[in-house]
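As stored in structure.cif (mmCIF, C-alpha atoms):
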data_upload
loop_
_atom_site.label_atom_id
_atom_site.label_comp_id
_atom_site.auth_asym_id
_atom_site.auth_seq_id
_atom_site.Cartn_x
_atom_site.Cartn_y
_atom_site.Cartn_z
CA MET R 1 225.67 115.99 -67.94
CA GLU R 2 224.54 119.47 -66.90
CA ASP R 3 222.35 120.78 -64.08
CA ARG R 4 219.19 120.34 -66.15
CA ASP R 5 220.02 116.69 -66.86
CA TYR R 6 220.49 115.82 -63.19
CA MET R 7 217.32 117.72 -62.25
CA ALA R 8 215.41 115.82 -64.94
CA LEU R 9 216.54 112.58 -63.29
CA ALA R 10 215.44 113.92 -59.89
CA LEU R 11 212.01 114.67 -61.38
CA GLU R 12 211.72 111.10 -62.68
CA LEU R 13 212.54 109.81 -59.22
CA ALA R 14 210.03 112.14 -57.57
CA GLU R 15 207.24 110.90 -59.84
CA GLN R 16 207.61 107.42 -58.33
CA GLY R 17 206.01 108.73 -55.14
CA ALA R 18 202.82 109.74 -56.96
CA GLY R 19 199.70 108.82 -55.01
CA TRP R 20 201.55 107.97 -51.81
CA THR R 21 203.08 111.15 -50.39
CA CYS R 22 199.89 113.19 -49.67
CA PRO R 23 199.76 115.64 -47.97
CA ASN R 24 203.51 115.91 -48.53
CA PRO R 25 204.97 116.83 -51.93
CA MET R 26 206.67 114.45 -54.34
CA VAL R 27 210.42 115.10 -54.18
CA GLY R 28 213.41 113.52 -55.88
CA ALA R 29 217.12 113.98 -55.13
CA VAL R 30 220.38 113.12 -56.90
CA ILE R 31 223.88 113.48 -55.43
CA VAL R 32 226.79 114.01 -57.85
CA LYS R 33 230.52 114.00 -57.05
CA ALA R 34 233.25 114.58 -59.63
CA GLY R 35 230.76 113.96 -62.44
CA ARG R 36 229.53 110.68 -60.98
CA ILE R 37 226.11 109.96 -59.49
CA ILE R 38 226.87 108.56 -56.04
CA GLY R 39 223.37 108.62 -54.52
CA GLN R 40 219.75 109.10 -55.42
CA GLY R 41 216.37 108.80 -53.76
CA TYR R 42 212.83 110.05 -53.54
CA HIS R 43 210.10 110.55 -50.94
CA HIS R 44 208.27 107.21 -50.97
CA ARG R 45 205.36 107.83 -48.60
CA CYS R 46 204.12 110.35 -46.11
CA GLY R 47 205.89 109.74 -42.81
CA GLU R 48 208.93 108.08 -44.39
CA LEU R 49 212.35 109.59 -45.15
CA HIS R 50 212.44 112.67 -47.34
CA ALA R 51 214.24 112.50 -50.68
CA GLU R 52 217.45 114.16 -49.46
CA ARG R 53 217.93 111.69 -46.60
CA GLU R 54 217.02 108.79 -48.92
CA ALA R 55 219.71 109.90 -51.38
CA LEU R 56 222.31 110.37 -48.63
CA ALA R 57 221.56 106.93 -47.22
CA ALA R 58 222.08 105.43 -50.69
CA CYS R 59 225.48 107.08 -51.29
CA THR R 60 228.17 104.73 -52.53
CA GLU R 61 230.96 106.98 -51.24
CA ASP R 62 231.49 109.95 -48.91
CA PRO R 63 229.20 112.78 -50.13
CA ALA R 64 231.44 115.54 -48.71
CA GLY R 65 232.17 118.11 -51.41
CA SER R 66 229.42 116.86 -53.73
CA THR R 67 226.42 118.57 -55.37
CA LEU R 68 222.85 117.77 -54.38
CA TYR R 69 220.08 118.17 -56.95
CA VAL R 70 216.61 118.31 -55.38
CA THR R 71 213.27 119.17 -56.99
CA LEU R 72 211.97 121.12 -53.97
CA GLU R 73 213.74 123.30 -51.43
CA PRO R 74 215.03 121.23 -48.49
CA CYS R 75 212.91 121.61 -45.34
CA CYS R 76 214.34 123.33 -42.28
CA HIS R 77 211.64 122.51 -39.72
CA GLN R 78 210.71 119.50 -37.65
CA GLY R 79 207.63 117.75 -39.05
CA ARG R 80 206.99 114.03 -39.43
CA GLN R 81 210.70 113.86 -40.28
CA PRO R 82 213.68 115.93 -39.02
CA PRO R 83 214.92 118.90 -41.08
CA CYS R 84 216.65 117.87 -44.31
CA VAL R 85 218.88 120.96 -44.17
CA ASP R 86 220.59 119.47 -41.09
CA ALA R 87 221.37 116.25 -42.97
CA VAL R 88 222.75 118.18 -45.96
CA LEU R 89 225.04 120.26 -43.75
CA GLU R 90 226.21 117.25 -41.73
CA ALA R 91 227.09 115.41 -44.97
CA GLY R 92 229.36 118.25 -46.13
CA ILE R 93 227.47 118.91 -49.37
CA ARG R 94 229.24 121.76 -51.18
CA ARG R 95 226.51 122.86 -53.59
CA VAL R 96 222.72 122.44 -53.69
CA VAL R 97 220.68 122.88 -56.87
CA VAL R 98 216.99 123.45 -56.16
CA GLY R 99 214.17 123.07 -58.68
CA THR R 100 211.71 125.36 -56.90
CA THR R 101 211.21 126.99 -53.52
CA ASP R 102 208.71 125.55 -51.05
CA PRO R 103 205.39 127.45 -50.70
CA ASN R 104 205.03 126.18 -47.13
CA PRO R 105 205.47 129.25 -44.86
CA LEU R 106 207.43 127.02 -42.46
CA VAL R 107 210.06 126.72 -45.21
CA GLY R 108 209.51 129.36 -47.93
CA GLY R 109 213.16 130.26 -48.63
CA LYS R 110 214.34 129.59 -45.09
CA GLY R 111 215.92 126.30 -46.06
CA ILE R 112 217.92 127.98 -48.82
CA ALA R 113 218.92 130.84 -46.52
CA ARG R 114 220.19 128.44 -43.87
CA LEU R 115 222.30 126.54 -46.38
CA GLN R 116 223.82 129.78 -47.65
CA GLU R 117 224.52 130.96 -44.09
CA HIS R 118 226.66 127.85 -43.67
CA GLY R 119 228.65 128.49 -46.86
CA VAL R 120 226.79 126.13 -49.17
CA GLU R 121 226.45 127.38 -52.75
CA VAL R 122 222.79 127.31 -53.79
CA THR R 123 221.32 127.53 -57.29
CA VAL R 124 217.55 127.92 -57.56
CA GLY R 125 215.14 127.55 -60.49
CA VAL R 126 216.55 124.70 -62.60
CA LEU R 127 213.56 123.17 -64.46
CA GLU R 128 211.39 125.26 -62.14
CA GLU R 129 208.25 125.07 -64.28
CA GLU R 130 208.44 121.28 -64.41
CA CYS R 131 209.11 121.02 -60.67
CA ARG R 132 206.14 123.25 -59.85
CA ALA R 133 203.85 121.34 -62.24
CA LEU R 134 204.78 118.05 -60.59
CA ASN R 135 203.47 119.31 -57.25
CA ARG R 136 200.55 121.46 -58.37
CA PHE R 137 198.29 119.60 -55.91
CA PHE R 138 200.64 120.32 -53.01
CA PHE R 139 201.20 123.98 -53.96
CA HIS R 140 197.44 124.63 -54.17
CA TYR R 141 196.77 122.80 -50.90
CA ILE R 142 199.47 124.71 -49.02
CA ARG R 143 198.19 128.07 -50.31
CA THR R 144 194.46 127.47 -49.79
CA ARG R 145 194.20 124.57 -47.32
CA ARG R 146 191.72 123.03 -49.74
CA PRO R 147 192.19 120.10 -52.13
CA TYR R 148 193.05 120.74 -55.76
CA VAL R 149 189.91 119.78 -57.71
CA VAL R 150 190.20 117.88 -60.99
CA MET R 151 186.91 117.66 -62.90
CA LYS R 152 186.97 114.50 -65.03
CA TYR R 153 184.47 113.17 -67.55
CA ALA R 154 184.30 110.97 -70.64
CA MET R 155 182.21 112.12 -73.59
CA THR R 156 181.61 111.58 -77.27
CA MET R 157 182.59 114.08 -79.94
CA ASP R 158 179.07 115.51 -79.83
CA GLY R 159 179.44 116.19 -76.12
CA LYS R 160 177.37 113.34 -74.65
CA ILE R 161 178.32 111.40 -71.51
CA ALA R 162 175.57 108.80 -72.07
CA ALA R 163 172.97 107.79 -74.61
CA TYR R 164 169.42 109.16 -74.24
CA THR R 165 168.57 105.90 -72.41
CA GLY R 166 171.20 106.66 -69.76
CA ASP R 167 173.52 103.88 -70.95
CA ALA R 168 177.13 105.07 -70.60
CA LYS R 169 179.10 101.80 -70.81
CA TRP R 170 181.42 102.36 -72.37
CA ILE R 171 182.02 105.79 -73.85
CA THR R 172 185.80 105.37 -74.05
CA GLY R 173 188.08 102.40 -74.61
CA GLU R 174 190.36 100.44 -72.31
CA ALA R 175 193.41 102.72 -72.65
CA ALA R 176 191.42 105.77 -71.55
CA ARG R 177 189.80 103.87 -68.69
CA GLU R 178 193.20 102.66 -67.48
CA HIS R 179 194.39 106.28 -67.51
CA VAL R 180 191.42 107.20 -65.32
CA HIS R 181 192.54 104.63 -62.77
CA ARG R 182 196.03 106.15 -62.76
CA LEU R 183 194.34 109.46 -62.01
CA ARG R 184 192.35 107.82 -59.20
CA HIS R 185 195.62 106.51 -57.77
CA ARG R 186 197.14 109.99 -57.97
CA CYS R 187 194.26 111.90 -56.33
CA ARG R 188 193.65 111.50 -52.61
CA GLY R 189 189.86 111.65 -52.86
CA ILE R 190 187.14 110.93 -55.42
CA LEU R 191 183.76 112.65 -55.25
CA VAL R 192 180.39 111.91 -56.86
CA GLY R 193 176.84 112.97 -56.14
CA VAL R 194 174.23 110.64 -54.73
CA GLY R 195 172.56 110.60 -58.16
CA THR R 196 175.55 108.76 -59.58
CA VAL R 197 175.38 106.21 -56.76
CA LEU R 198 171.66 105.65 -57.35
CA ALA R 199 172.07 105.33 -61.12
CA ASP R 200 175.31 103.33 -61.40
CA ASP R 201 176.16 101.84 -57.98
CA PRO R 202 179.89 102.43 -58.63
CA MET R 203 182.84 101.13 -56.59
CA LEU R 204 184.95 104.28 -57.17
CA ASN R 205 188.17 102.41 -56.46
CA CYS R 206 191.54 102.15 -58.20
CA ARG R 207 191.89 98.96 -60.20
CA LEU R 208 195.60 99.22 -60.97
CA PRO R 209 197.79 96.46 -59.51
CA GLY R 210 199.42 97.96 -56.44
CA GLY R 211 197.42 101.17 -56.81
CA ARG R 212 196.03 103.21 -53.94
CA ASP R 213 192.28 103.62 -53.55
CA PRO R 214 191.17 107.22 -53.16
CA VAL R 215 188.94 108.19 -50.25
CA ARG R 216 185.39 107.93 -51.60
CA ILE R 217 183.21 110.97 -50.94
CA ILE R 218 179.48 110.97 -51.70
CA CYS R 219 177.79 114.35 -51.81
CA ASP R 220 174.41 113.33 -50.39
CA SER R 221 172.49 116.28 -48.97
CA HIS R 222 169.60 114.25 -47.54
CA LEU R 223 171.23 110.80 -47.01
CA ARG R 224 169.60 108.93 -49.86
CA THR R 225 172.54 106.57 -50.41
CA PRO R 226 171.21 102.99 -50.13
CA LEU R 227 172.75 100.92 -47.37
CA THR R 228 173.12 98.21 -50.03
CA ALA R 229 175.26 100.45 -52.30
CA GLN R 230 178.76 99.16 -52.99
CA VAL R 231 180.34 102.26 -51.48
CA VAL R 232 178.60 101.44 -48.19
CA THR R 233 179.03 97.66 -48.11
CA THR R 234 182.78 97.99 -48.84
CA ALA R 235 183.39 100.96 -46.52
CA GLY R 236 185.37 98.70 -44.21
CA GLU R 237 187.86 98.12 -47.02
CA VAL R 238 187.97 101.54 -48.72
CA PRO R 239 187.59 104.77 -46.71
CA THR R 240 184.17 106.27 -47.47
CA LEU R 241 182.77 109.63 -46.43
CA LEU R 242 179.18 110.84 -46.77
CA ALA R 243 178.85 114.63 -46.99
CA THR R 244 175.35 115.64 -45.94
CA CYS R 245 173.15 118.38 -44.50
CA GLU R 246 171.34 115.79 -42.39
CA THR R 247 172.12 116.38 -38.70
CA ASP R 248 170.04 113.63 -37.07
CA PRO R 249 172.46 111.15 -35.41
CA ALA R 250 169.89 108.38 -35.85
CA ARG R 251 170.11 108.84 -39.63
CA HIS R 252 173.90 108.71 -39.45
CA ALA R 253 174.09 105.57 -37.32
CA PRO R 254 173.47 102.84 -39.97
CA TYR R 255 176.14 104.30 -42.25
CA GLN R 256 178.61 104.62 -39.41
CA ALA R 257 177.90 101.04 -38.40
CA ALA R 258 178.82 100.00 -41.94
CA GLY R 259 182.17 101.81 -41.64
CA CYS R 260 181.33 105.10 -43.34
CA ARG R 261 182.26 108.48 -41.94
CA VAL R 262 179.37 110.94 -41.98
CA LEU R 263 180.27 114.61 -42.34
CA ALA R 264 177.43 116.99 -41.46
CA LEU R 265 177.93 120.28 -43.30
CA PRO R 266 176.13 123.61 -43.71
CA GLU R 267 173.38 123.90 -46.28
CA GLN R 268 173.39 126.18 -49.28
CA ALA R 269 170.17 126.42 -51.31
CA GLY R 270 169.04 123.08 -49.90
CA LYS R 271 172.26 121.26 -50.78
CA VAL R 272 175.65 120.66 -49.22
CA ASP R 273 177.76 123.82 -49.12
CA LEU R 274 180.60 122.79 -51.47
CA ALA R 275 183.04 125.40 -50.19
CA ALA R 276 182.49 124.12 -46.65
CA LEU R 277 183.02 120.58 -47.93
CA LEU R 278 186.40 121.50 -49.42
CA ASP R 279 187.39 123.24 -46.19
CA ALA R 280 186.51 120.08 -44.26
CA LEU R 281 188.46 117.85 -46.66
CA GLY R 282 191.45 120.17 -46.34
CA LYS R 283 191.37 119.72 -42.58
CA LEU R 284 191.53 115.98 -43.23
CA GLU R 285 194.84 116.63 -45.10
CA MET R 286 193.33 115.82 -48.48
CA ASP R 287 195.42 117.66 -51.07
CA SER R 288 193.53 116.59 -54.22
CA LEU R 289 190.02 115.63 -55.25
CA LEU R 290 188.86 113.89 -58.43
CA LEU R 291 185.37 115.10 -59.30
CA GLU R 292 183.54 112.37 -61.22
CA GLY R 293 180.07 113.81 -60.78
CA GLY R 294 177.27 114.29 -63.26
CA GLY R 295 176.47 117.47 -65.13
CA THR R 296 174.60 119.13 -62.25
CA LEU R 297 177.35 118.64 -59.67
CA ASN R 298 180.01 119.64 -62.20
CA TRP R 299 178.14 122.88 -62.87
CA SER R 300 177.83 123.61 -59.15
CA PHE R 301 181.59 123.26 -58.68
CA LEU R 302 182.32 125.40 -61.72
CA GLU R 303 179.78 128.05 -60.82
CA GLN R 304 181.41 128.47 -57.42
CA ARG R 305 184.86 128.54 -59.03
CA LEU R 306 186.06 125.48 -57.12
CA VAL R 307 187.65 123.60 -60.05
CA GLN R 308 191.36 123.88 -60.90
CA SER R 309 191.73 121.41 -63.81
CA VAL R 310 189.53 119.64 -66.34
CA TYR R 311 190.31 116.21 -67.80
CA ALA R 312 188.05 115.52 -70.78
CA TYR R 313 188.35 112.02 -72.27
CA ILE R 314 186.87 112.22 -75.76
CA ALA R 315 185.77 109.24 -77.84
CA PRO R 316 185.41 109.47 -81.64
CA LYS R 317 181.70 108.61 -81.46
CA LEU R 318 178.41 110.45 -81.98
CA LEU R 319 175.37 109.61 -79.86
CA GLY R 320 172.93 112.42 -80.56
CA GLY R 321 169.74 112.87 -78.58
CA ALA R 322 168.29 116.12 -77.32
CA THR R 323 167.83 114.65 -73.85
CA ALA R 324 171.16 112.81 -73.67
CA LYS R 325 173.28 114.01 -70.75
CA SER R 326 176.22 116.38 -71.18
CA PRO R 327 179.18 116.77 -68.80
CA VAL R 328 178.22 120.24 -67.55
CA GLU R 329 174.56 121.14 -67.13
CA GLY R 330 172.94 123.49 -64.62
CA THR R 331 171.87 126.96 -65.67
CA GLY R 332 174.91 127.63 -67.82
CA VAL R 333 176.34 131.02 -68.75
CA PRO R 334 174.39 133.62 -70.74
CA SER R 335 176.98 134.17 -73.49
CA PRO R 336 180.27 132.80 -74.85
CA GLN R 337 181.99 135.84 -73.37
CA ALA R 338 180.89 134.71 -69.89
CA ALA R 339 182.32 131.21 -70.33
CA PHE R 340 184.70 129.51 -67.94
CA PHE R 341 187.92 129.80 -69.89
CA LEU R 342 190.59 127.10 -69.88
CA LYS R 343 194.32 127.44 -70.45
CA ASN R 344 197.53 125.45 -70.92
CA THR R 345 195.68 122.67 -72.74
CA ARG R 346 197.56 119.46 -73.45
CA ILE R 347 196.33 116.74 -75.82
CA GLN R 348 197.17 113.05 -75.47
CA THR R 349 196.12 110.06 -77.55
CA LEU R 350 194.87 107.06 -75.57
CA GLY R 351 194.13 104.20 -77.96
CA GLU R 352 191.39 105.53 -80.25
CA ASP R 353 190.40 108.20 -77.72
CA PHE R 354 191.84 111.57 -76.76
CA LEU R 355 192.51 113.28 -73.46
CA LEU R 356 192.29 117.05 -73.26
CA GLU R 357 193.81 118.30 -70.02
CA SER R 358 193.37 121.99 -69.19
CA GLU R 359 193.71 124.32 -66.24
CA VAL R 360 190.80 126.56 -65.32
CA ASP R 361 191.65 130.22 -65.92
CA ASP R 362 190.78 131.85 -62.61
CA ARG R 363 190.43 135.29 -64.16
CA VAL R 364 186.88 136.61 -64.33
CA HIS R 365 185.76 137.01 -67.95
CA GLY R 366 182.56 138.28 -69.45
CA ASP R 367 181.56 141.91 -69.70
CA CYS R 368 183.59 142.97 -66.64
#

Hey, can you dump this file as structure tokens for me?
Amino acid sequence: MEDRDYMALALELAEQGAGWTCPNPMVGAVIVKAGRIIGQGYHHRCGELHAEREALAACTEDPAGSTLYVTLEPCCHQGRQPPCVDAVLEAGIRRVVVGTTDPNPLVGGKGIARLQEHGVEVTVGVLEEECRALNRFFFHYIRTRRPYVVMKYAMTMDGKIAAYTGDAKWITGEAAREHVHRLRHRCRGILVGVGTVLADDPMLNCRLPGGRDPVRIICDSHLRTPLTAQVVTTAGEVPTLLATCETDPARHAPYQAAGCRVLALPEQAGKVDLAALLDALGKLEMDSLLLEGGGTLNWSFLEQRLVQSVYAYIAPKLLGGATAKSPVEGTGVPSPQAAFFLKNTRIQTLGEDFLLESEVDDRVHGDC
């Protein structure tokens, strides 16, 4: 096996921490000595051992003189856990192969430099693209201190998210819906507008066995969420946050009594300032946000350039209807040249449905 093979194994290990490590990254580590894997591990949950210490603890023999493969640069600062660089040096590791450097300014090459200062051979950039893609939420969060926003919707091949009657159950099949719940497990928060709550009374939870429920966030400028809504009555079981422009504590009190957290935010054009909302969620250490809003809220996020990825689940159906809802509404752009362009699109088959996953191109297009 070569460096790439061991790093691929480290990536597989890292993926097992998906949904649990926020706001920390997912990291996997493999220790190899004389061509044999003698230890491996991954970061299980935020606050628990980092991957390097997990792998060292699992070693079946003395790791002195071995090679450590790790998907992200070892940390060199004291956080929730002690510096991993110290553990690597104490174990006598001879060589460290790093997938990608850490964007955290507390690390940012310092871990690698410290290893090299102590005579450890360091190789950087093995499967770097894959290692960076694994932690795109973390990288964005560290750079911006805002959650990475994934806009998700299910639609028919004629671009409808519901029939003209408003009936949307179900656009896609079971395989696609199960994939959505894996996405809910992966993202730290899920956000909808109050219109969705009024129309559908959703639970917005993760229904995978052993899955993690995202924090439920309702964008509700004027506190119209019914106290009988499922997101309110189950707030004691699943963390629920109401983002509002309403500042009257008396209006907040019934929701707080039910277990909700009420976040009073600045107003923009009579609605919650979405940029301020993302700033507030970042301060709550939320690294990722699944946007499951309707067409109006989706447009507002896009218009303000707050979306990083789009997950479009597409069913081979046609609904028609001039008044049937589409996934992105609002004013729209004046020409195809002014569109929000997407890049790096990946296509996946889910039963009879398809998933198109794209990143939002943050370059400004149009006539500029």

Subject >> Long-range neighbours of Ala29 (chain R) as a PyMOL selection string, 9 Å cut-off, all atoms listed in the file, 5 positions minimum in chain >> reply: chain R and resi 6-7+9-11+13-14+39-43+51-55+68-72

Need to verify the contact set: region 147-164 of chain R, 6 Å, all atoms listed in the file, exclusion of same-chain residues closer than 6 positions in sequence. Can you return it as an mmCIF file with C-alpha atoms, in the frame of the given file?
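Once written, around-v9.cif looks like this:
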data_model
loop_
_atom_site.group_PDB
_atom_site.id
_atom_site.type_symbol
_atom_site.label_atom_id
_atom_site.label_comp_id
_atom_site.auth_asym_id
_atom_site.auth_seq_id
_atom_site.Cartn_x
_atom_site.Cartn_y
_atom_site.Cartn_z
ATOM 1 C CA PHE R 137 198.290 119.600 -55.910
ATOM 2 C CA TYR R 141 196.770 122.800 -50.900
ATOM 3 C CA GLY R 282 191.450 120.170 -46.340
ATOM 4 C CA MET R 286 193.330 115.820 -48.480
ATOM 5 C CA ASP R 287 195.420 117.660 -51.070
ATOM 6 C CA SER R 288 193.530 116.590 -54.220
ATOM 7 C CA LEU R 289 190.020 115.630 -55.250
ATOM 8 C CA LEU R 290 188.860 113.890 -58.430
ATOM 9 C CA LEU R 291 185.370 115.100 -59.300
ATOM 10 C CA GLU R 292 183.540 112.370 -61.220
ATOM 11 C CA VAL R 307 187.650 123.600 -60.050
ATOM 12 C CA GLN R 308 191.360 123.880 -60.900
ATOM 13 C CA SER R 309 191.730 121.410 -63.810
ATOM 14 C CA VAL R 310 189.530 119.640 -66.340
ATOM 15 C CA TYR R 311 190.310 116.210 -67.800
ATOM 16 C CA ALA R 312 188.050 115.520 -70.780
ATOM 17 C CA TYR R 313 188.350 112.020 -72.270
ATOM 18 C CA ILE R 314 186.870 112.220 -75.760
ATOM 19 C CA ALA R 315 185.770 109.240 -77.840
ATOM 20 C CA PRO R 316 185.410 109.470 -81.640
ATOM 21 C CA LYS R 317 181.700 108.610 -81.460
ATOM 22 C CA LEU R 318 178.410 110.450 -81.980
ATOM 23 C CA GLY R 321 169.740 112.870 -78.580
ATOM 24 C CA THR R 323 167.830 114.650 -73.850
ATOM 25 C CA ALA R 324 171.160 112.810 -73.670
ATOM 26 C CA LYS R 325 173.280 114.010 -70.750
ATOM 27 C CA SER R 326 176.220 116.380 -71.180
#

Subject >> All residues 12 Å or closer to Gly92 (chain R), all atoms listed in the file, same chain fewer than 6 positions away omitted, as a count of residues only >> reply: 17

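What the PyMOL selection byres ((chain R and resi 25) around 9) grabs from this file is Ala14, Gly17, Ala18, Thr21, Cys22, Pro23, Asn24, Met26, Val27, His43, Cys46, Leu72, Leu134, Asn135, Phe137, Phe138 and Phe139 of chain R.
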
Subject >> Computed interatomic separation between CA of Arg114 (chain R) and CA of Val30 (chain R) (Å) >> reply: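 Interatomic distance here is 20.1 Å.
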
Show which residues sit within 9 Å of Leu342 (chain R), as a short mmCIF file (atom, residue, chain, number, x, y, z; two decimals) with C-alpha atoms, keeping the file's coordinate frame. Count only C-alpha atoms, and ignore same-chain residues fewer than 4 positions away.
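What ended up in selection-v5.cif:
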data_model
loop_
_atom_site.label_atom_id
_atom_site.label_comp_id
_atom_site.auth_asym_id
_atom_site.auth_seq_id
_atom_site.Cartn_x
_atom_site.Cartn_y
_atom_site.Cartn_z
CA SER R 309 191.73 121.41 -63.81
CA VAL R 310 189.53 119.64 -66.34
CA SER R 358 193.37 121.99 -69.19
CA GLU R 359 193.71 124.32 -66.24
CA VAL R 360 190.80 126.56 -65.32
CA ASP R 361 191.65 130.22 -65.92
CA ASP R 362 190.78 131.85 -62.61
#

**OP:** Would you kindly identify which residues have an atom no farther than 12 Å from (209.1, 128.5, -47.6), using all atoms listed in the file and the file's own coordinates, and write them out as a ChimeraX atom specification?
**Re:** /R:72-77,100-114,139,142-143

Subject >> Residue nearest Asp248 (chain R) among R:His222, R:Lys271, R:Lys283, R:Arg94 (counting only C-alpha atoms) >> reply: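 Comparing R:His222, R:Lys271, R:Lys283, R:Arg94 against Asp248 (chain R), the winner is R:His222.
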
**OP:** Using the chain letters and numbers from the file, give me the residues hit by the PyMOL selection byres ((chain R and resi 347) around 9), as number ranges by chain.
**Re:** R: 345-346, 348-349, 354-358

Exercise on region 311-323 of chain R, axis-aligned box with 5 Å per side, report centre and edge lengths in Å to one decimal, as lines of an AutoDock Vina configuration file:
center_x = 179.1
center_y = 112.4
center_z = -74.9
size_x = 32.5
size_y = 17.6
size_z = 24.2

Original post:
Hey, what's within 12 Å of His185 (chain R) if we count only C-alpha atoms and toss same-chain stuff fewer than 2 positions away? As a ChimeraX atom specification, please?
Top reply: /R:17-22,178-183,187-190,204-215,288-290

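Proximity ranking of R:Gly351, R:Pro239, R:Pro249, R:Gly28 relative to Ile217 (chain R) places R:Pro239 first, based on all atoms listed in the file.
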
**OP:** To one decimal in Å, tell me the separation between CA of Pro202 (chain R) and CA of Ala229 (chain R).
**Re:**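 Between these atoms lies a distance of 8.1 Å.
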
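The residue that comes closest to Val97 (chain R), out of R:Ala253, R:Val231, R:Ala269, R:Ala8 and on the basis of all atoms listed in the file, is R:Ala8.
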
Using the chain letters and numbering of this document, enumerate as a compact mmCIF listing (two decimals) with C-alpha atoms, keeping the file's coordinate frame the residues selected by the PyMOL selection byres ((chain R and resi 126) around 8).
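See out-v6.txt below for the written result:
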# COMPACT_ATOMS: atom_id res chain seq x y z
CA ASP R 3 222.35 120.78 -64.08
CA ARG R 4 219.19 120.34 -66.15
CA MET R 7 217.32 117.72 -62.25
CA VAL R 97 220.68 122.88 -56.87
CA VAL R 98 216.99 123.45 -56.16
CA GLY R 99 214.17 123.07 -58.68
CA THR R 100 211.71 125.36 -56.90
CA THR R 123 221.32 127.53 -57.29
CA VAL R 124 217.55 127.92 -57.56
CA GLY R 125 215.14 127.55 -60.49
CA LEU R 127 213.56 123.17 -64.46
CA GLU R 128 211.39 125.26 -62.14
